[in-house]
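Dropping target26.txt in here (compact mmCIF, C-alpha atoms):
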# COMPACT_ATOMS: atom_id res chain seq x y z
CA MET E 7 12.02 23.07 -27.61
CA LYS E 8 15.37 24.09 -29.09
CA THR E 9 17.17 22.39 -26.16
CA MET E 10 15.27 19.13 -26.66
CA MET E 11 16.05 19.14 -30.38
CA SER E 12 19.76 19.78 -29.77
CA GLU E 13 19.81 16.95 -27.17
CA ARG E 14 18.42 14.59 -29.80
CA ARG E 15 20.90 15.75 -32.48
CA ASN E 16 23.88 15.57 -30.13
CA ARG E 17 23.02 12.05 -29.02
CA ASN E 18 21.84 10.78 -32.42
CA VAL E 19 18.41 10.08 -30.93
CA PRO E 20 15.35 9.84 -33.20
CA ALA E 21 12.99 12.85 -32.97
CA ASN E 22 10.12 10.80 -31.49
CA SER E 23 12.21 9.28 -28.65
CA PRO E 24 11.73 10.51 -25.09
CA THR E 25 14.45 12.77 -23.69
CA ARG E 26 15.83 12.47 -20.18
CA ARG E 27 13.03 14.78 -19.04
CA HIS E 28 10.27 12.40 -20.11
CA VAL E 29 8.66 9.65 -18.09
CA ILE E 30 9.36 6.19 -19.39
CA ALA E 31 6.93 3.26 -19.21
CA GLY E 32 5.76 1.52 -16.04
CA VAL E 33 7.66 -1.48 -14.70
CA ALA E 34 6.38 -4.43 -12.72
CA ILE E 35 8.34 -5.90 -9.83
CA THR E 36 7.21 -9.32 -8.69
CA PHE E 37 7.03 -10.35 -5.02
CA GLY E 38 5.90 -13.92 -4.56
CA GLY E 39 3.94 -13.87 -7.82
CA LEU E 40 2.43 -10.42 -7.20
CA ALA E 41 3.36 -7.70 -9.66
CA LEU E 42 3.77 -4.28 -8.06
CA GLY E 43 3.56 -1.39 -10.52
CA LEU E 44 6.25 1.28 -10.34
CA THR E 45 7.05 4.21 -12.61
CA LYS E 46 10.59 4.96 -13.80
CA VAL E 47 11.94 8.38 -14.65
CA ARG E 48 15.15 8.89 -16.59
CA ALA E 49 17.45 11.06 -14.47
CA ALA E 50 19.91 13.58 -15.92
CA THR E 51 22.72 11.01 -15.63
CA GLY E 52 20.82 8.52 -17.80
CA GLU E 53 19.79 6.41 -14.80
CA GLU E 54 16.21 5.20 -14.68
CA ILE E 55 15.59 5.98 -11.04
CA SER E 56 12.88 8.10 -9.49
CA ARG E 57 14.04 10.27 -6.62
CA THR E 58 10.60 11.68 -5.83
CA ALA E 59 8.77 8.75 -4.21
CA GLU E 60 6.35 9.33 -1.34
CA SER E 61 5.98 7.02 1.63
CA ILE E 62 4.10 6.83 4.92
CA HIS E 63 5.56 5.81 8.29
CA GLN E 64 3.24 5.55 11.29
CA GLU E 65 3.61 3.97 14.73
CA ASN E 66 0.64 3.10 16.92
CA VAL E 67 0.41 1.32 20.26
CA PHE E 68 -2.52 -0.96 21.06
CA LYS E 69 -3.61 -2.42 24.41
CA ALA E 70 -3.42 -6.01 23.19
CA SER E 71 -0.81 -8.72 22.68
CA ARG E 72 0.97 -9.19 19.36
CA ASN E 73 -0.99 -12.39 18.84
CA ARG E 74 -4.30 -10.58 19.32
CA VAL E 75 -3.32 -7.69 17.00
CA TYR E 76 -2.05 -10.08 14.31
CA GLU E 77 -5.27 -12.10 14.46
CA ALA E 78 -7.42 -8.95 14.23
CA LEU E 79 -5.56 -7.91 11.05
CA THR E 80 -5.55 -11.33 9.35
CA ASP E 81 -8.81 -13.01 10.41
CA THR E 82 -11.84 -12.28 8.21
CA LYS E 83 -14.40 -12.33 11.02
CA GLN E 84 -12.36 -10.07 13.34
CA PHE E 85 -11.37 -7.57 10.66
CA ASN E 86 -14.99 -7.45 9.53
CA GLU E 87 -15.81 -6.08 13.00
CA VAL E 88 -13.07 -3.44 12.59
CA THR E 89 -14.63 -2.55 9.23
CA LYS E 90 -18.09 -2.17 10.79
CA ILE E 91 -16.65 0.38 13.25
CA SER E 92 -15.06 2.27 10.34
CA ALA E 93 -18.22 2.04 8.21
CA ALA E 94 -20.24 3.78 10.92
CA LYS E 95 -18.26 6.96 10.08
CA ASP E 96 -17.92 6.48 6.30
CA PRO E 97 -21.01 5.88 4.13
CA ARG E 98 -18.82 4.79 1.16
CA ILE E 99 -18.09 1.51 2.95
CA SER E 100 -20.75 -1.10 2.20
CA LEU E 101 -20.18 -4.67 3.27
CA GLU E 102 -23.22 -5.63 1.19
CA LYS E 103 -21.30 -4.76 -2.01
CA ALA E 104 -18.26 -6.85 -1.13
CA PRO E 105 -17.88 -8.68 2.17
CA THR E 106 -14.57 -8.73 4.03
CA GLU E 107 -12.43 -11.64 2.85
CA ILE E 108 -8.90 -12.31 4.06
CA SER E 109 -6.81 -15.31 3.06
CA ARG E 110 -4.51 -16.70 5.74
CA GLU E 111 -1.91 -17.82 3.16
CA VAL E 112 1.11 -16.08 1.62
CA GLY E 113 0.01 -15.09 -1.89
CA GLY E 114 -3.62 -15.19 -0.79
CA ALA E 115 -6.00 -12.35 -1.63
CA PHE E 116 -7.90 -9.97 0.60
CA THR E 117 -10.87 -7.65 0.01
CA LEU E 118 -11.54 -4.97 2.62
CA PHE E 119 -13.91 -2.10 3.32
CA GLY E 120 -16.64 -3.24 0.95
CA GLY E 121 -14.24 -3.83 -1.94
CA ILE E 122 -12.53 -0.43 -1.72
CA ILE E 123 -9.19 -2.07 -0.74
CA LEU E 124 -7.81 -5.16 -2.50
CA GLY E 125 -4.53 -7.02 -2.43
CA ARG E 126 -2.45 -10.07 -1.62
CA HIS E 127 -0.25 -11.15 1.24
CA VAL E 128 3.42 -11.02 0.24
CA GLU E 129 4.75 -12.16 3.63
CA LEU E 130 3.07 -13.44 6.79
CA VAL E 131 5.20 -14.08 9.87
CA PRO E 132 2.62 -15.03 12.51
CA HIS E 133 2.36 -12.52 15.35
CA ARG E 134 5.36 -10.52 14.03
CA ARG E 135 4.96 -9.17 10.49
CA ILE E 136 2.46 -8.71 7.67
CA VAL E 137 3.54 -7.45 4.25
CA GLN E 138 0.87 -6.83 1.63
CA GLY E 139 0.59 -5.86 -2.01
CA TRP E 140 -2.14 -3.29 -1.35
CA ARG E 141 -4.28 -1.13 -3.64
CA GLU E 142 -7.36 1.04 -3.77
CA VAL E 143 -9.90 -0.24 -6.29
CA ASN E 144 -9.88 3.06 -8.22
CA TRP E 145 -6.12 2.96 -8.95
CA ASP E 146 -5.02 2.09 -12.47
CA PRO E 147 -5.13 -1.67 -13.15
CA GLY E 148 -2.01 -3.49 -12.02
CA VAL E 149 -0.84 -0.74 -9.64
CA TYR E 150 -0.08 -2.06 -6.15
CA SER E 151 1.73 -0.49 -3.22
CA VAL E 152 3.50 -2.26 -0.35
CA ALA E 153 2.02 -2.06 3.15
CA ARG E 154 4.26 -3.42 5.93
CA PHE E 155 3.01 -4.00 9.49
CA GLU E 156 5.77 -4.86 11.99
CA LEU E 157 4.35 -5.95 15.38
CA VAL E 158 6.61 -5.08 18.31
CA GLU E 159 5.96 -5.89 21.99
CA GLN E 160 5.46 -2.69 23.99
CA GLY E 161 5.02 -3.60 27.66
CA THR E 162 1.73 -5.51 27.81
CA GLY E 163 0.64 -4.01 24.49
CA THR E 164 1.80 -3.99 20.89
CA LYS E 165 3.29 -1.27 18.75
CA ILE E 166 2.61 -1.47 15.03
CA VAL E 167 5.49 0.03 13.09
CA PHE E 168 3.80 0.67 9.77
CA ASP E 169 5.35 1.63 6.42
CA HIS E 170 3.45 2.20 3.18
CA THR E 171 5.42 2.69 -0.04
CA GLY E 172 5.00 2.48 -3.80
CA PHE E 173 1.62 4.19 -4.05
CA PRO E 174 0.74 6.71 -6.80
CA ILE E 175 2.38 10.11 -6.29
CA GLY E 176 0.04 12.66 -4.74
CA ASN E 177 -1.83 10.16 -2.54
CA ALA E 178 0.26 10.41 0.66
CA GLU E 179 -1.99 12.78 2.63
CA HIS E 180 -5.18 10.95 1.68
CA LEU E 181 -3.69 7.54 2.51
CA ALA E 182 -2.06 8.67 5.78
CA ALA E 183 -5.41 10.03 6.98
CA GLY E 184 -7.16 6.85 5.80
CA TRP E 185 -4.82 4.58 7.79
CA LYS E 186 -5.66 6.55 10.94
CA THR E 187 -9.40 6.74 10.32
CA HIS E 188 -10.05 3.27 8.87
CA TYR E 189 -7.38 1.11 10.50
CA TRP E 190 -5.84 2.46 13.70
CA GLU E 191 -8.85 4.14 15.37
CA PRO E 192 -11.35 1.31 14.74
CA LEU E 193 -8.70 -1.32 15.54
CA ALA E 194 -8.06 0.38 18.91
CA LYS E 195 -11.82 0.35 19.64
CA PHE E 196 -12.14 -3.29 18.58
CA LEU E 197 -9.19 -4.41 20.72
CA GLY E 198 -10.55 -2.47 23.70

Could you render the structure from this file as structure tokens?
Amino acid sequence: MKTMMSERRNRNVPANSPTRRHVIAGVAITFGGLALGLTKVRAATGEEISRTAESIHQENVFKASRNRVYEALTDTKQFNEVTKISAAKDPRISLEKAPTEISREVGGAFTLFGGIILGRHVELVPHRRIVQGWREVNWDPGVYSVARFELVEQGTGTKIVFDHTGFPIGNAEHLAAGWKTHYWEPLAKFLG
């Protein structure tokens, strides 16, 4: 406490102001009209940069063309079939609560896994790339992460180079397992 008080006196900072050790307010970054919530932390140098972000990087190969994989991820009817495969293992997923809905437009919304996952498309490059503002329904309002699917030809199949960033700290293990269980495994079964 003495150190915090001396920091305030030495910098002529009011007693109720946050010190460099305190978290500052959330910030919104906008991608194509979609606000993605991020948290800033004041570093010792006075910068407002967090150096403790988590991210997920996964690569998976599927026995299907890039066109087929892209369509399975962006077409409501096809992704609904992927969801049904996932729902067979997870009783939390109920398509009766919220059916699968996927817009085919940049800026368009999607609702997946019975309303558990929500978001908007930030970028759609047919058969090559999908970038989404992605969130779990139980996250704080306005908090979105970025999910990026890069589709790369791999022989007669397709490799998805996947990166997930900007999600709430402490969620990496849960989300990494969820991508495998709810996306990659059922997608592989669906694509055959």

Exercise. Have a look at E:Ile122, E:Ile166, E:Ile91, E:Val128 and name the one nearest to E:Arg110; count only C-alpha atoms.
Key: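 Under the stated criterion, the closest residue is E:Val128.
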
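Counting all atoms listed in the file and comparing E:Val167, E:Ala182, E:Val158, E:Ile108, the residue that lies closest to E:Ala70 is E:Val158.
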
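Among the candidate residues E:Val137, E:Leu157, E:Ile123, E:Leu130, the one lying nearest to E:Trp185 is E:Ile123, with distances computed using all atoms listed in the file.
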
Practice problem: Would you mind telling me which residue in E:Glu191, E:Glu156, E:Asp169, E:Glu179 lies nearest to E:Ile62 when using all atoms listed in the file? | Solution: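 Of the candidates, the smallest distance to E:Ile62 is held by E:Asp169.
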
Self-check item: Surrounding residues of E:Pro192 excluding itself and chain neighbours under 6 positions, 9 Å, all atoms listed in the file, as a PyMOL selection string
Solution: chain E and resi 87-92+186

Quiz prompt | One-decimal distance in Å that lies between atom CA of E:Thr80 and atom CA of E:Leu197 | solution =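 Going from atom CA of E:Leu197 over to atom CA of E:Thr80 covers 13.8 Å.
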
Practice problem: Can you work out which one of E:Val131, E:Leu193, E:Val143, E:Val152 has the shortest atom-to-atom distance to E:Gln84, counting all atoms listed in the file? | Solution: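 Going through E:Val131, E:Leu193, E:Val143, E:Val152 one by one, the smallest distance to E:Gln84 is for E:Leu193.
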
Quiz item: atom CA of E:Glu65 and atom CA of E:Leu101 are how many Å apart?
Solution: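 Between atom CA of E:Glu65 and atom CA of E:Leu101 the gap is 27.8 Å.
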
Exercise. Might you pull out every residue within 9 Å of E:Ala59, with all atoms listed in the file counted and same-chain residues fewer than 6 positions away left off, and present them as a list of chain:residue names?
Key: E:Thr171, E:Gly172, E:Phe173, E:Pro174, E:Ile175

Exercise. Between atom CA of E:Arg98 and atom CA of E:Gly184, measure the distance and give it in Å to one decimal.
Key: 12.7 Å

Practice problem: For E:Gln160, please output as a count of residues only all residues within 10 Å (counting all atoms listed in the file; exclusion window: fewer than 5 positions along the same chain). | Solution: 8

Self-check item: Top pick for closest residue to E:Glu60, considering E:Ala104, E:Tyr189, E:Ser151, E:Asn144 and counting only C-alpha atoms
Solution: E:Ser151

Take every atom of stretch 190-194 of chain E listed in the file, fit an axis-aligned box around them, add 4 Å per side, and give the centre and edge lengths in Å to one decimal as AutoDock Vina command-line options.
--center_x -8.6 --center_y 1.4 --center_z 16.3 --size_x 13.5 --size_y 13.5 --size_z 13.2
